[in-house]
$ cat upload-v6.cif   # mmCIF, C-alpha atoms
data_work
loop_
_atom_site.label_atom_id
_atom_site.label_comp_id
_atom_site.auth_asym_id
_atom_site.auth_seq_id
_atom_site.Cartn_x
_atom_site.Cartn_y
_atom_site.Cartn_z
CA MET J 1 -83.98 49.16 55.21
CA THR J 2 -83.56 49.28 51.44
CA ALA J 3 -81.94 52.35 49.86
CA ALA J 4 -84.04 54.17 47.31
CA PRO J 5 -82.77 53.78 43.72
CA HIS J 6 -80.94 56.83 42.37
CA ASN J 7 -82.88 57.13 39.17
CA SER J 8 -84.99 60.24 39.70
CA ARG J 9 -84.89 63.10 37.22
CA ALA J 10 -82.93 65.25 39.72
CA ASP J 11 -80.37 62.46 40.27
CA LEU J 12 -79.89 62.00 36.53
CA ALA J 13 -79.56 65.76 35.98
CA GLU J 14 -76.95 65.97 38.74
CA LEU J 15 -75.02 63.04 37.23
CA LEU J 16 -75.08 64.59 33.76
CA ALA J 17 -73.88 67.92 35.19
CA PHE J 18 -70.98 66.10 36.85
CA TYR J 19 -70.09 64.41 33.55
CA ALA J 20 -70.16 67.77 31.73
CA THR J 21 -67.92 69.38 34.35
CA ALA J 22 -65.50 66.43 34.14
CA GLY J 23 -65.25 66.85 30.36
CA VAL J 24 -67.19 63.70 29.41
CA ASP J 25 -68.81 64.36 26.04
CA GLU J 26 -69.15 60.89 24.50
CA ALA J 27 -70.57 57.55 25.66
CA LEU J 28 -68.37 54.51 25.29
CA GLU J 29 -71.21 52.20 24.28
CA GLU J 30 -74.77 52.56 23.06
CA GLN J 31 -76.16 50.21 25.74
CA PRO J 32 -75.40 50.39 29.48
CA VAL J 33 -73.06 47.68 30.76
CA ASN J 34 -73.18 46.17 34.24
CA ARG J 35 -69.50 46.18 35.18
CA PHE J 36 -70.26 44.26 38.37
CA ALA J 37 -71.96 41.32 36.68
CA GLU J 38 -70.14 38.00 36.96
CA VAL J 39 -68.69 36.91 33.65
CA ARG J 40 -67.77 33.30 33.09
CA PRO J 41 -64.43 32.87 31.36
CA PRO J 42 -64.70 31.15 27.96
CA GLU J 43 -63.84 27.50 27.84
CA ARG J 44 -60.37 26.84 26.55
CA VAL J 45 -60.23 24.68 23.46
CA PRO J 46 -57.04 22.78 22.65
CA ALA J 47 -55.29 24.18 19.63
CA ALA J 48 -55.31 20.85 17.85
CA ALA J 49 -59.07 20.52 18.25
CA ALA J 50 -59.68 23.99 16.87
CA LEU J 51 -58.39 23.01 13.39
CA PRO J 52 -59.93 20.58 10.94
CA ALA J 53 -58.13 17.26 10.70
CA GLY J 54 -55.03 17.37 8.54
CA GLU J 55 -54.97 21.17 8.40
CA ASN J 56 -51.87 22.83 9.87
CA ALA J 57 -52.44 26.43 8.81
CA ALA J 58 -53.43 28.91 11.52
CA PRO J 59 -57.00 30.26 11.27
CA GLN J 60 -57.39 33.65 9.62
CA ARG J 61 -57.91 36.53 12.07
CA SER J 62 -61.03 38.56 11.51
CA THR J 63 -60.34 42.12 10.38
CA SER J 64 -63.80 43.42 11.24
CA VAL J 65 -64.15 45.86 14.13
CA SER J 66 -67.32 45.96 16.19
CA ARG J 67 -69.14 49.19 17.00
CA ALA J 68 -68.33 48.73 20.68
CA GLU J 69 -64.62 48.46 19.90
CA MET J 70 -64.76 51.62 17.83
CA ASP J 71 -66.61 53.46 20.58
CA GLU J 72 -63.88 52.53 23.06
CA ARG J 73 -61.46 54.49 20.90
CA PRO J 74 -63.36 57.74 20.31
CA ASN J 75 -60.26 59.69 19.32
CA THR J 76 -58.89 57.30 16.70
CA ALA J 77 -60.96 58.64 13.79
CA PRO J 78 -58.34 61.23 12.79
CA ALA J 79 -55.92 58.37 12.07
CA VAL J 80 -57.35 58.20 8.55
CA ARG J 81 -55.64 61.48 7.72
CA THR J 82 -52.59 61.18 5.52
CA SER J 83 -50.62 64.03 7.04
CA PRO J 84 -47.05 63.05 8.03
CA ALA J 85 -47.47 65.08 11.24
CA MET J 86 -49.67 62.54 13.00
CA SER J 87 -47.17 61.48 15.66
CA THR J 88 -48.14 61.92 19.28
CA VAL J 89 -45.16 64.17 19.96
CA PRO J 90 -44.41 66.82 17.31
CA ASP J 91 -40.91 66.53 15.90
CA GLU J 92 -38.43 69.34 15.35
CA ALA J 93 -39.34 69.59 11.67
CA GLN J 94 -42.92 70.47 12.59
CA ALA J 95 -41.74 72.95 15.22
CA ALA J 96 -39.57 74.60 12.58
CA LEU J 97 -42.55 74.71 10.21
CA ALA J 98 -44.64 76.39 12.91
CA ARG J 99 -41.97 79.05 13.34
CA GLN J 100 -41.78 79.59 9.59
CA LEU J 101 -45.55 79.89 9.17
CA ALA J 102 -45.81 82.28 12.10
CA ARG J 103 -43.07 84.56 10.72
CA SER J 104 -44.66 84.60 7.27
CA ALA J 105 -48.08 85.76 8.50
CA ALA J 106 -48.52 89.44 7.61
CA SER J 107 -51.93 89.78 9.29
CA LEU J 108 -54.10 88.09 11.89
CA ASP J 109 -56.32 86.63 9.18
CA GLU J 110 -53.31 85.11 7.46
CA LEU J 111 -52.03 83.74 10.77
CA ARG J 112 -55.40 82.15 11.43
CA GLN J 113 -55.34 80.51 8.00
CA HIS J 114 -51.85 79.13 8.63
CA MET J 115 -52.90 77.72 12.00
CA ALA J 116 -56.06 76.15 10.57
CA ALA J 117 -54.01 74.38 7.89
CA PHE J 118 -51.18 73.35 10.23
CA ASP J 119 -51.16 69.63 11.04
CA GLY J 120 -48.00 69.54 13.14
CA CYS J 121 -49.69 69.57 16.59
CA ASN J 122 -51.42 66.39 17.69
CA LEU J 123 -54.01 68.35 19.69
CA LYS J 124 -55.64 69.49 16.46
CA PHE J 125 -56.89 65.98 15.74
CA THR J 126 -58.80 65.56 19.01
CA ALA J 127 -60.26 69.09 19.16
CA LYS J 128 -63.49 70.16 17.49
CA ASN J 129 -62.43 73.69 16.62
CA LEU J 130 -59.47 75.99 16.35
CA VAL J 131 -59.89 78.56 19.14
CA PHE J 132 -58.07 81.52 17.64
CA ALA J 133 -59.18 84.67 19.47
CA ASP J 134 -62.02 86.95 20.51
CA GLY J 135 -62.38 90.69 20.93
CA ASN J 136 -60.92 93.73 19.22
CA PRO J 137 -57.68 93.12 17.25
CA THR J 138 -56.75 96.80 17.62
CA ALA J 139 -57.22 96.80 21.41
CA GLU J 140 -54.69 98.28 23.80
CA VAL J 141 -55.01 95.29 26.15
CA MET J 142 -54.40 91.66 25.17
CA LEU J 143 -55.15 88.80 27.55
CA VAL J 144 -53.61 85.35 27.04
CA GLY J 145 -54.68 82.16 28.82
CA GLU J 146 -53.33 78.64 28.52
CA ALA J 147 -55.70 76.45 26.46
CA PRO J 148 -59.39 76.12 25.55
CA GLY J 149 -61.81 74.08 27.63
CA ARG J 150 -64.91 72.17 26.59
CA ASP J 151 -67.16 75.21 26.08
CA GLU J 152 -64.44 77.06 24.17
CA ASP J 153 -63.82 74.04 21.94
CA ILE J 154 -67.50 73.82 21.07
CA GLU J 155 -67.93 77.52 20.27
CA GLY J 156 -64.47 78.17 18.83
CA LEU J 157 -63.96 81.20 21.10
CA PRO J 158 -61.76 81.67 24.18
CA PHE J 159 -63.18 82.15 27.67
CA VAL J 160 -66.88 81.52 27.07
CA GLY J 161 -67.61 79.15 29.98
CA ARG J 162 -67.85 79.91 33.69
CA SER J 163 -64.32 81.29 33.81
CA GLY J 164 -65.13 83.46 30.81
CA ARG J 165 -68.14 84.97 32.52
CA LEU J 166 -65.99 85.76 35.55
CA LEU J 167 -63.38 87.32 33.27
CA ASP J 168 -66.07 89.53 31.73
CA ARG J 169 -67.01 90.78 35.20
CA MET J 170 -63.36 91.42 36.06
CA LEU J 171 -62.93 93.47 32.88
CA ALA J 172 -66.13 95.41 33.52
CA ALA J 173 -64.81 96.36 36.96
CA ILE J 174 -62.05 98.43 35.31
CA GLY J 175 -64.21 99.78 32.50
CA LEU J 176 -63.33 97.24 29.78
CA ASP J 177 -65.22 94.60 27.83
CA ARG J 178 -64.66 92.30 24.86
CA THR J 179 -64.95 95.18 22.42
CA SER J 180 -61.98 96.90 24.05
CA VAL J 181 -59.67 93.92 24.67
CA TYR J 182 -58.26 91.04 22.63
CA ILE J 183 -58.28 87.51 24.10
CA ALA J 184 -56.32 84.44 23.02
CA ASN J 185 -54.60 81.33 24.40
CA VAL J 186 -51.09 79.92 24.19
CA ILE J 187 -52.60 76.64 22.91
CA PRO J 188 -55.35 77.10 20.29
CA TRP J 189 -56.71 73.51 20.49
CA ARG J 190 -58.36 71.86 23.49
CA PRO J 191 -56.27 69.10 25.07
CA PRO J 192 -58.32 65.89 25.46
CA GLY J 193 -60.20 65.82 28.74
CA ASN J 194 -58.85 69.29 29.61
CA ARG J 195 -55.51 67.73 30.53
CA THR J 196 -52.43 69.93 30.94
CA PRO J 197 -50.64 70.54 27.61
CA THR J 198 -47.27 68.85 27.39
CA PRO J 199 -44.07 70.91 27.02
CA HIS J 200 -43.82 69.65 23.42
CA GLU J 201 -47.32 70.86 22.61
CA THR J 202 -46.68 74.21 24.24
CA GLU J 203 -43.39 74.69 22.42
CA ILE J 204 -44.84 73.92 19.01
CA CYS J 205 -47.69 76.42 19.56
CA ARG J 206 -45.45 79.13 21.01
CA PRO J 207 -44.52 80.75 17.64
CA PHE J 208 -48.20 81.26 16.80
CA ILE J 209 -49.13 83.07 20.00
CA GLU J 210 -45.93 85.13 19.91
CA ARG J 211 -46.73 86.24 16.36
CA GLN J 212 -50.34 86.92 17.37
CA ILE J 213 -49.16 89.24 20.13
CA GLU J 214 -46.77 90.92 17.71
CA LEU J 215 -49.51 91.56 15.16
CA VAL J 216 -51.96 92.93 17.74
CA ASN J 217 -49.18 95.03 19.32
CA PRO J 218 -51.07 95.88 22.52
CA LYS J 219 -49.93 98.48 25.01
CA VAL J 220 -50.39 95.99 27.86
CA LEU J 221 -50.29 92.19 27.97
CA VAL J 222 -52.15 90.31 30.73
CA ASN J 223 -51.04 86.73 31.38
CA LEU J 224 -53.97 84.76 32.78
CA GLY J 225 -52.47 81.99 34.89
CA GLY J 226 -49.08 80.45 35.46
CA PRO J 227 -48.67 78.53 32.16
CA SER J 228 -49.26 81.67 30.08
CA ALA J 229 -46.85 83.68 32.23
CA LYS J 230 -44.14 81.04 32.20
CA THR J 231 -44.37 80.51 28.44
CA LEU J 232 -44.44 84.15 27.36
CA LEU J 233 -42.25 85.66 30.07
CA HIS J 234 -39.64 82.87 30.01
CA THR J 235 -39.70 82.24 33.74
CA SER J 236 -40.09 79.25 36.03
CA GLU J 237 -41.58 81.18 38.97
CA GLY J 238 -45.02 80.25 40.25
CA ILE J 239 -47.96 82.50 39.52
CA LEU J 240 -48.45 83.51 43.17
CA ARG J 241 -44.91 84.96 43.13
CA LEU J 242 -45.28 86.43 39.63
CA ARG J 243 -48.68 88.06 39.96
CA GLY J 244 -48.95 91.74 40.75
CA ASN J 245 -45.46 92.52 39.43
CA TRP J 246 -44.90 94.10 36.06
CA ARG J 247 -42.76 92.05 33.69
CA VAL J 248 -41.83 92.50 30.04
CA HIS J 249 -42.76 90.36 27.06
CA THR J 250 -40.38 90.86 24.15
CA THR J 251 -41.79 90.09 20.70
CA PRO J 252 -39.72 88.26 18.05
CA SER J 253 -39.05 91.64 16.42
CA GLY J 254 -37.72 93.05 19.69
CA VAL J 255 -40.69 95.18 20.85
CA ALA J 256 -41.01 95.27 24.66
CA ILE J 257 -44.58 95.09 25.98
CA PRO J 258 -45.43 95.57 29.68
CA ALA J 259 -46.94 92.34 31.00
CA MET J 260 -49.02 91.76 34.13
CA PRO J 261 -49.22 88.13 35.30
CA THR J 262 -52.39 87.43 37.25
CA LEU J 263 -54.50 84.54 38.48
CA HIS J 264 -56.56 82.55 36.01
CA PRO J 265 -60.35 82.96 36.36
CA ALA J 266 -60.76 79.18 36.66
CA TYR J 267 -58.42 79.25 39.67
CA LEU J 268 -60.43 82.08 41.19
CA LEU J 269 -63.62 80.03 40.87
CA ARG J 270 -61.95 77.32 42.94
CA THR J 271 -60.28 79.76 45.34
CA PRO J 272 -62.63 82.76 45.77
CA ALA J 273 -60.53 84.21 48.59
CA HIS J 274 -57.86 85.14 46.05
CA LYS J 275 -60.18 87.27 43.95
CA LYS J 276 -58.91 90.27 45.90
CA LEU J 277 -55.41 89.59 44.51
CA ALA J 278 -56.67 89.55 40.93
CA TRP J 279 -58.61 92.76 41.63
CA ARG J 280 -55.36 94.48 42.64
CA ASP J 281 -53.69 93.21 39.46
CA PHE J 282 -56.47 94.59 37.27
CA LEU J 283 -56.25 97.93 39.04
CA GLU J 284 -52.56 97.94 38.09
CA VAL J 285 -53.54 97.34 34.47
CA LYS J 286 -56.00 100.24 34.60
CA ALA J 287 -53.33 102.53 36.09
CA LYS J 288 -50.77 101.46 33.47
CA LEU J 289 -53.18 102.22 30.62
CA ARG J 290 -53.82 105.65 32.10
CA ALA J 291 -50.07 106.29 32.42
CA LEU J 292 -49.41 105.20 28.83
CA GLY J 293 -52.12 107.51 27.56
#
$ encode --input "upload-v6.cif" --output "structure tokens"
Amino acid sequence: MTAAPHNSRADLAELLAFYATAGVDEALEEQPVNRFAEVRPPERVPAAAALPAGENAAPQRSTSVSRAEMDERPNTAPAVRTSPAMSTVPDEAQAALARQLARSAASLDELRQHMAAFDGCNLKFTAKNLVFADGNPTAEVMLVGEAPGRDEDIEGLPFVGRSGRLLDRMLAAIGLDRTSVYIANVIPWRPPGNRTPTPHETEICRPFIERQIELVNPKVLVNLGGPSAKTLLHTSEGILRLRGNWRVHTTPSGVAIPAMPTLHPAYLLRTPAHKKLAWRDFLEVKAKLRALG
């Protein structure tokens, strides 16, 4: 019995949906390639026979690059930039510059301008957009996640994909929405393929999010997920131990802000049974706001 070919419209739609979920947003080549086809190795030509008689100089290597070769390196285009901060791992000079720029920002608009011009984080050169923030900059509640995903990178706003829609429902359950909260991420640029940001990348972006929190000056900070909690609360505890317990985030100027670590919406989509834990955390946030007046 011969299996039916998987080329129906439904099969193709399902495959494309899988690619989108996996973060695939570019094709490697314009034409499909049969990776299982047998390829005959090229015949080896003796070096002496490859040169004209009496010529000892090595042949010149071609400097042209085919389209297929360029497509295999989709993230190499930013290499044409002349910024000295193009290394894969940001150096201490760039980290110091990030701290200086963050301290000098007198407003959120100025901070955003500094971040848009900053070339010291390698993630900037593989991301489409700077994902700065969304919501009300004078809100009493500020929520901070880890890093943008594919949808956020495309729109330039945090939490706009599936996890964002779940977050909106969680906020609505305690009487809040995006006009009454302020949302940002520790990392403002999407890591390639939604990979986990490295400690170097997190450290170089830390001054920006700390200054952002300081400028918003919320009454309550909500850390969405373990990376946000660990970075801003200076702890190594896991999120399941942290969540549900009030902590304190201290701004660079010394202001103490009550912080509630909770589970990230993306985690809740994968583990729906833990939504009840996040619900308890958000009830704590509601009670804290009421107590603070």
$ atom_distance --input "upload-v6.cif" --atom1 "CA of Gly164 (chain J)" --atom2 "CA of Ala105 (chain J)"
28.2 Å
$ resolve_selection --input "upload-v6.cif" --expression "the PyMOL selection byres ((chain J and resi 123) around 7)" --output "ChimeraX atom specification"
/J:121-122,124-127,189-191
$ write_last_selection --input "upload-v6.cif" --atoms "C-alpha atoms" --output "CSV table (one decimal), keeping the file's coordinate frame"
chain,number,residue,atom,x,y,z
J,121,CYS,CA,-49.7,69.6,16.6
J,122,ASN,CA,-51.4,66.4,17.7
J,124,LYS,CA,-55.6,69.5,16.5
J,125,PHE,CA,-56.9,66.0,15.7
J,126,THR,CA,-58.8,65.6,19.0
J,127,ALA,CA,-60.3,69.1,19.2
J,189,TRP,CA,-56.7,73.5,20.5
J,190,ARG,CA,-58.4,71.9,23.5
J,191,PRO,CA,-56.3,69.1,25.1
$ atom_distance --input "upload-v6.cif" --atom1 "CA of Pro227 (chain J)" --atom2 "CA of Leu289 (chain J)"
24.2 Å
$ atom_distance --input "upload-v6.cif" --atom1 "CA of Arg99 (chain J)" --atom2 "CA of Phe208 (chain J)"
7.5 Å
$ resolve_selection --input "upload-v6.cif" --expression "the PyMOL selection byres ((chain J and resi 282) around 12)" --output "PyMOL selection string"
chain J and resi 141+143+167+169-176+220-224+243-246+259-263+275-281+283-289
$ write_last_selection --input "upload-v6.cif" --atoms "C-alpha atoms" --output "tab-separated table (two decimals), in the frame of the given file"
chain	number	residue	atom	x	y	z
J	141	VAL	CA	-55.01	95.29	26.15
J	143	LEU	CA	-55.15	88.80	27.55
J	167	LEU	CA	-63.38	87.32	33.27
J	169	ARG	CA	-67.01	90.78	35.20
J	170	MET	CA	-63.36	91.42	36.06
J	171	LEU	CA	-62.93	93.47	32.88
J	172	ALA	CA	-66.13	95.41	33.52
J	173	ALA	CA	-64.81	96.36	36.96
J	174	ILE	CA	-62.05	98.43	35.31
J	175	GLY	CA	-64.21	99.78	32.50
J	176	LEU	CA	-63.33	97.24	29.78
J	220	VAL	CA	-50.39	95.99	27.86
J	221	LEU	CA	-50.29	92.19	27.97
J	222	VAL	CA	-52.15	90.31	30.73
J	223	ASN	CA	-51.04	86.73	31.38
J	224	LEU	CA	-53.97	84.76	32.78
J	243	ARG	CA	-48.68	88.06	39.96
J	244	GLY	CA	-48.95	91.74	40.75
J	245	ASN	CA	-45.46	92.52	39.43
J	246	TRP	CA	-44.90	94.10	36.06
J	259	ALA	CA	-46.94	92.34	31.00
J	260	MET	CA	-49.02	91.76	34.13
J	261	PRO	CA	-49.22	88.13	35.30
J	262	THR	CA	-52.39	87.43	37.25
J	263	LEU	CA	-54.50	84.54	38.48
J	275	LYS	CA	-60.18	87.27	43.95
J	276	LYS	CA	-58.91	90.27	45.90
J	277	LEU	CA	-55.41	89.59	44.51
J	278	ALA	CA	-56.67	89.55	40.93
J	279	TRP	CA	-58.61	92.76	41.63
J	280	ARG	CA	-55.36	94.48	42.64
J	281	ASP	CA	-53.69	93.21	39.46
J	283	LEU	CA	-56.25	97.93	39.04
J	284	GLU	CA	-52.56	97.94	38.09
J	285	VAL	CA	-53.54	97.34	34.47
J	286	LYS	CA	-56.00	100.24	34.60
J	287	ALA	CA	-53.33	102.53	36.09
J	288	LYS	CA	-50.77	101.46	33.47
J	289	LEU	CA	-53.18	102.22	30.62
$ residues_around --input "upload-v6.cif" --residues "region 128-130 of chain J" --least-positions-apart "2" --cutoff "7 Å" --atoms "all atoms listed in the file" --output "short mmCIF file (atom, residue, chain, number, x, y, z; two decimals) with C-alpha atoms, in the coordinates of the input"
data_model
loop_
_atom_site.label_atom_id
_atom_site.label_comp_id
_atom_site.auth_asym_id
_atom_site.auth_seq_id
_atom_site.Cartn_x
_atom_site.Cartn_y
_atom_site.Cartn_z
CA ALA J 116 -56.06 76.15 10.57
CA THR J 126 -58.80 65.56 19.01
CA PHE J 132 -58.07 81.52 17.64
CA ASP J 153 -63.82 74.04 21.94
CA ILE J 154 -67.50 73.82 21.07
CA GLY J 156 -64.47 78.17 18.83
CA PRO J 188 -55.35 77.10 20.29
CA TRP J 189 -56.71 73.51 20.49
#
$ closest_residue --input "upload-v6.cif" --among "J:Val160, J:Ile204, J:Ala291, J:Val216" --to "Glu92 (chain J)" --atoms "only C-alpha atoms"
J:Ile204
$ resolve_selection --input "upload-v6.cif" --expression "the PyMOL selection byres ((chain J and resi 180) around 9)" --output "number ranges by chain"
J: 135-141, 176-179, 181-182
$ closest_residue --input "upload-v6.cif" --among "J:Thr196, J:Thr202, J:Gln212, J:Ser163" --to "Glu110 (chain J)" --atoms "only C-alpha atoms"
J:Gln212
$ residues_around --input "upload-v6.cif" --residues "Glu210 (chain J)" --least-positions-apart "3" --cutoff "12 Å" --atoms "all atoms listed in the file" --output "ChimeraX atom specification"
/J:98-99,101-103,105,108,111,142,144,184-187,202-207,213-217,221,228,231-233,249-255,257
$ closest_residue --input "upload-v6.cif" --among "J:Pro192, J:Gly293, J:Gly145, J:Gly120" --to "Ile209 (chain J)" --atoms "only C-alpha atoms"
J:Gly145
$ closest_residue --input "upload-v6.cif" --among "J:Lys219, J:Gly193, J:Asp168, J:Leu292" --to "Pro148 (chain J)" --atoms "only C-alpha atoms"
J:Gly193
$ closest_residue --input "upload-v6.cif" --among "J:Ala147, J:Leu240, J:Met115, J:Val131" --to "Gln100 (chain J)" --atoms "all atoms listed in the file"
J:Met115
